[in-house]
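Down below is the structure, laid out as structure tokens.
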2 protein chains.
Amino acid sequence: MITSTEEDYIKAIFNISQRGKKELVGTNQIASQMSTSAASVTDMLRKLDKKEMIIYEKYKGVKLSPLGTIKAMTLLRKHRLWESFLVEKLGFAWDEVHDIAEQMEHIQSTELVNRLDKYLGYPKFDPHGDPIPDAQGTITIRNQVSLSSLQTGDKGMVVGVKKHDKDFLNHLNQVGINIGTELEIILKYDYDQSIKLNINNSNEALLTAAVCENIFLKKFS
Amino acid sequence: MITSTEEDYIKAIFNISQRGKKELVGTNQIASQMSTSAASVTDMLRKLDKKEMIIYEKYKGVKLSPLGTIKAMTLLRKHRLWESFLVEKLGFAWDEVHDIAEQMEHIQSTELVNRLDKYLGYPKFDPHGDPIPDAQGTITIRNQVSLSSLQTGDKGMVVGVKKHDKDFLNHLNQVGINIGTELEIILKYDYDQSIKLNINNSNEALLTAAVCENIFLKKFS
DNA sequence: AATTATATTTAGATTTGTCTAAAAATAAAG
DNA sequence: CTTTATTTTTAGACAAATCTAAATATAATT
């Protein structure tokens with residue numbers, strides 16, 4: 001059996017290796033991601049290595065084993081399906097569901113996850129636009145670009161966000177940006193890469209480069 | 001904060017005190033209910049006493065404090081709402097949901113529970129016929145009698161069961177008994193109190209006294 | 001009331017996950 | 001190619017929840 005804590009480490013390793021370019025993940029990276037000490041991480045890496053969830057080489061770093069990767073995909077699947085449930089069925093806002101889903105993803109029952117998936121109509125993306133792995137662990141890749149990469153005159157529709165914390169999502173709510181929102185770049189300032197844009201053909205807004213980096217769009221060709 | 005383990009102890013104490021006549025619950029009772037040692041129970045009782053969840057007197061026994069009672073009702077509410085969700089929305093059978101709900105009841109979020117309650121239409125009883133406490137902890141009492149107490153000729157409708165384990169519920173499935181099933185006592189044998197009955201005005205079945213004890217009915221006057 | 005039986009608690013040890021501080025290995029800089 | 005800085009691991013300790021075995025308290029029985 002895998003404990004809830006072990007699952008959290010697997011998830012952290014997966015997340016870090018997704019966003020970084022490097023093959024191996026470092027002890028300190030995991031420690032800061034999980035707000036714990038490097039020593040605790042080392043202890044856990046030993047344990048996960050013995051359980052064959054990771055490939056671990058002292059002082060070098062760590063990566064998920066095939067078994068660990070499957071575990072990570074299952075956790076991602078559960079997390080994103082529960083987020084979808086909370087938003088679609090219970091009416092939560094997209095900035096309220098992360099912490100609850102964080103608890104629900106640890107519930108052990110394959111049957112439960114698969115029935116939930118069916119009940120939700122086999123969604124391909126969660127409320128933040130992240131792809132939901134299917135029962136086989138397969139993910140639907142979408143043709144998306146960062147808002148940062150668009151230029152003056154470009155148009156597109158918001159399909160996802162990179163950050164999931166309350167503060168960031170709340171800011172988007174205030175500006176009027178959501179999944180499905182249509183954007184048109186009125187002007188991109190060379191000075192600081194901030195972007196003035198038109199939202200759903202009505203409001204205007206100015207976004208900093210830091211915000212733009214975290215918004216994904218499907219570009220209208 | 002209350003840990004998941006502490007919650008399990010609170011639930012056990014509540015359950016034992018419900019089914020027994022005595023005011024105080026003993027250490028050994030809790031130990032056997034939770035499949036653990038008496039020594040572990042003593043340790044935990046100290047802890048729960050310090051947290052003012054229980055009233056504990058060495059060698060005498062234990063009972064829930066007002067705070068502990070509220071905790072127990074909340075857990076019951078969560079457990080039964082999740083069981084309802086699993087059966088009503090995800091299509092699980094009533095004998096498959098206990099273990100999953102046992103995990104889900106530990107999820108911390110009052111908002112989640114209340115939204116779930118609303119989503120389910122504020123049900124008063126769960127799939128086993130047990131009453132679901134509302135947000136204030138109030139329980140709807142139902143006018144029910146044990147099948148054991150009925151006599152030849154009596155009629156009634158099944159509204160609940162006392163045992164929730166898979167084997168027992170599976171047996172009822174096989175016999176054709178469910179919540180809502182109508183029963184008529186054809187004959188109650190004096191010898192061993194076993195009962196021959198008619199199910200939904202069609203099939204016949206013979207139930208032992210041990211089984212009858214665990215079935216609750218609303219008696220037709 | 002003394003003795004036996006049962007129930008409960010204490011003592012001491014174990015496991016899991018965590019910590020701080022110190023040591024060792026690797027990477028970076030001169 | 002040393003020296004310095006950074007990263008990682010080890011050593012030792014702690015809190016939570018558990019265990020077994022031994023001691024103590026309560027209940028039951030003669």
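Within each chain, counting starts at residue 1; across the structure tokens, chains are named A, B, ... in the order shown, with ligands numbered 1 upward in that order.
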
Using only C-alpha atoms (C1' of nucleotides), find which residues of chain C lie within 12 Å of chain A and jot them down as a count of residues only.
-> 10

Can you check which parts of chain D lie within 12 Å of chain A? Per residue, the shortest pair of atoms and distance in Å to one decimal, counting only C-alpha atoms (C1' of nucleotides), sorted by chain and number, as JSON lines.
{"residue": "D:DT6", "atom": "C1'", "partner": "A:Asn28", "partner_atom": "CA", "distance": 10.7}
{"residue": "D:DT7", "atom": "C1'", "partner": "A:Asn28", "partner_atom": "CA", "distance": 7.5}
{"residue": "D:DT8", "atom": "C1'", "partner": "A:Tyr59", "partner_atom": "CA", "distance": 5.6}
{"residue": "D:DT9", "atom": "C1'", "partner": "A:Thr42", "partner_atom": "CA", "distance": 7.3}
{"residue": "D:DT10", "atom": "C1'", "partner": "A:Ala39", "partner_atom": "CA", "distance": 9.0}
{"residue": "D:DA11", "atom": "C1'", "partner": "A:Ala39", "partner_atom": "CA", "distance": 11.0}

Name the residues in contact with range 112-119 of chain B at a cut-off of 7 Å, using only C-alpha atoms (C1' of nucleotides), excluding same-chain residues fewer than 6 positions from it; report them as number ranges by chain.
-> A: 90; B: 78, 81

Write a file of the just-selected residues containing N, CA and C atoms, as a PDB file, in the first residue's frame.
ATOM      1  N   LEU A  90     -21.415  20.763  -7.981  1.00  0.00           N
ATOM      2  CA  LEU A  90     -21.704  21.427  -6.704  1.00  0.00           C
ATOM      3  C   LEU A  90     -21.655  22.953  -6.791  1.00  0.00           C
TER       4      LEU A  90
ATOM      5  N   LYS B  78     -21.711  13.372   7.281  1.00  0.00           N
ATOM      6  CA  LYS B  78     -20.852  13.265   6.105  1.00  0.00           C
ATOM      7  C   LYS B  78     -20.888  11.853   5.540  1.00  0.00           C
ATOM      8  N   LEU B  81     -24.300  11.191   3.850  1.00  0.00           N
ATOM      9  CA  LEU B  81     -24.495  11.971   2.618  1.00  0.00           C
ATOM     10  C   LEU B  81     -23.645  11.384   1.490  1.00  0.00           C
TER      11      LEU B  81
END

How would you write, as number ranges by chain, the set of residues in range 1-181 of chain A that DSSP gives as alpha helix (DSSP H)?
-> A: 4-19, 27-33, 38-50, 66-88, 98-104, 110-119, 166-175

So which residues of range 19-219 of chain A fall under strand (DSSP E) by DSSP, listed as a PDB file with C-alpha atoms, in the first residue's frame?
ATOM      1  CA  ILE A  54      11.282   6.196  -8.228  1.00  0.00           C
ATOM      2  CA  ILE A  55      14.797   5.839  -9.624  1.00  0.00           C
ATOM      3  CA  TYR A  56      17.067   7.403  -7.063  1.00  0.00           C
ATOM      4  CA  GLU A  57      20.801   7.997  -7.148  1.00  0.00           C
ATOM      5  CA  GLY A  61      18.673  13.309  -8.163  1.00  0.00           C
ATOM      6  CA  VAL A  62      15.519  11.380  -8.748  1.00  0.00           C
ATOM      7  CA  LYS A  63      12.949  10.558 -11.423  1.00  0.00           C
ATOM      8  CA  LEU A  64       9.702   8.594 -11.467  1.00  0.00           C
ATOM      9  CA  VAL A 145       0.085  28.939 -26.632  1.00  0.00           C
ATOM     10  CA  SER A 146       0.943  31.283 -23.792  1.00  0.00           C
ATOM     11  CA  LYS A 155      -6.910  36.887 -31.217  1.00  0.00           C
ATOM     12  CA  GLY A 156      -7.615  33.750 -29.223  1.00  0.00           C
ATOM     13  CA  MET A 157      -9.734  31.971 -26.629  1.00  0.00           C
ATOM     14  CA  VAL A 158      -8.603  31.194 -23.071  1.00  0.00           C
ATOM     15  CA  VAL A 159      -8.294  27.412 -22.610  1.00  0.00           C
ATOM     16  CA  GLY A 160      -6.192  27.108 -19.456  1.00  0.00           C
ATOM     17  CA  VAL A 161      -4.039  28.603 -16.704  1.00  0.00           C
ATOM     18  CA  GLU A 182     -12.134  35.505 -26.036  1.00  0.00           C
ATOM     19  CA  LEU A 183      -9.182  37.906 -26.094  1.00  0.00           C
ATOM     20  CA  GLU A 184      -7.787  40.304 -28.694  1.00  0.00           C
ATOM     21  CA  ILE A 185      -4.374  41.933 -28.250  1.00  0.00           C
ATOM     22  CA  ILE A 186      -4.828  45.651 -28.738  1.00  0.00           C
ATOM     23  CA  LEU A 187      -1.228  46.511 -27.985  1.00  0.00           C
ATOM     24  CA  LYS A 188       1.826  44.790 -26.604  1.00  0.00           C
ATOM     25  CA  ILE A 195      -0.407  43.608 -22.847  1.00  0.00           C
ATOM     26  CA  LYS A 196      -3.483  45.756 -23.374  1.00  0.00           C
ATOM     27  CA  LEU A 197      -6.337  43.616 -24.562  1.00  0.00           C
ATOM     28  CA  ASN A 198     -10.018  43.437 -25.349  1.00  0.00           C
ATOM     29  CA  ILE A 199     -12.081  40.898 -23.412  1.00  0.00           C
ATOM     30  CA  ASN A 203     -14.139  45.371 -21.790  1.00  0.00           C
ATOM     31  CA  GLU A 204     -10.523  46.412 -21.967  1.00  0.00           C
ATOM     32  CA  ALA A 205      -7.755  45.419 -19.568  1.00  0.00           C
ATOM     33  CA  LEU A 206      -4.014  45.666 -19.040  1.00  0.00           C
ATOM     34  CA  LEU A 207      -2.091  42.576 -17.967  1.00  0.00           C
ATOM     35  CA  ILE A 215      -2.619  32.122 -19.343  1.00  0.00           C
ATOM     36  CA  PHE A 216      -2.982  29.624 -22.194  1.00  0.00           C
ATOM     37  CA  LEU A 217      -4.970  30.312 -25.337  1.00  0.00           C
ATOM     38  CA  LYS A 218      -6.098  28.622 -28.471  1.00  0.00           C
ATOM     39  CA  LYS A 219      -4.971  31.164 -31.089  1.00  0.00           C
TER      40      LYS A 219
END

Tell me the residues of chain B close to chain A, meaning within 12 Å using only C-alpha atoms, as JSON, numbers by chain.
-> {"B": [82, 83, 85, 86, 87, 88, 89, 90, 91, 92, 96, 97, 98, 99, 100, 101, 102, 103, 104, 105, 106, 107, 108, 109, 110, 111, 112, 113, 114, 115, 116, 117, 118, 119, 120, 121]}

Could you give me, as a compact mmCIF listing (two decimals) with N, CA, C and O atoms, in the first residue's frame, the residues within 10 Å of Lys71 in chain A, counting only C-alpha atoms (C1' of nucleotides) and dropping anything in the same chain fewer than 5 positions from it?
# COMPACT_ATOMS: atom_id res chain seq x y z
N ILE A 2 0.31 2.29 -0.58
CA ILE A 2 0.98 3.59 -0.61
C ILE A 2 0.27 4.53 0.35
O ILE A 2 -0.95 4.55 0.42
N GLU A 7 2.12 9.57 -1.66
CA GLU A 7 1.43 10.09 -2.85
C GLU A 7 1.77 11.56 -3.08
O GLU A 7 1.98 11.98 -4.22
N ILE A 10 5.18 11.78 -4.67
CA ILE A 10 5.11 11.37 -6.08
C ILE A 10 4.59 12.52 -6.94
O ILE A 10 5.14 12.84 -8.00
N LYS A 11 3.53 13.14 -6.44
CA LYS A 11 2.94 14.26 -7.16
C LYS A 11 3.92 15.41 -7.32
O LYS A 11 4.04 16.00 -8.40
N PHE A 14 6.53 14.62 -9.87
CA PHE A 14 5.94 14.72 -11.20
C PHE A 14 5.80 16.19 -11.63
O PHE A 14 6.22 16.56 -12.72
N MET A 53 9.04 3.09 -6.72
CA MET A 53 8.22 4.12 -7.34
C MET A 53 9.10 5.14 -8.04
O MET A 53 8.63 5.87 -8.91
N LEU A 64 10.75 9.60 -11.68
CA LEU A 64 9.70 8.59 -11.47
C LEU A 64 10.02 7.33 -12.26
O LEU A 64 10.46 7.39 -13.40
N SER A 65 9.78 6.18 -11.65
CA SER A 65 9.86 4.91 -12.36
C SER A 65 8.55 4.75 -13.16
O SER A 65 7.63 5.54 -13.00
N PRO A 66 8.47 3.75 -14.04
CA PRO A 66 7.20 3.49 -14.74
C PRO A 66 6.04 3.35 -13.75
O PRO A 66 4.98 3.95 -13.93
N LEU A 76 -3.33 12.58 -10.71
CA LEU A 76 -3.72 13.72 -11.54
C LEU A 76 -5.15 13.53 -12.02
O LEU A 76 -5.97 14.46 -11.99
N ARG A 77 -5.44 12.31 -12.44
CA ARG A 77 -6.78 11.98 -12.90
C ARG A 77 -7.81 12.20 -11.80
O ARG A 77 -8.83 12.86 -12.01
N GLY A 137 -4.56 6.31 -18.57
CA GLY A 137 -3.48 7.25 -18.30
C GLY A 137 -3.14 8.13 -19.49
O GLY A 137 -2.19 8.90 -19.45
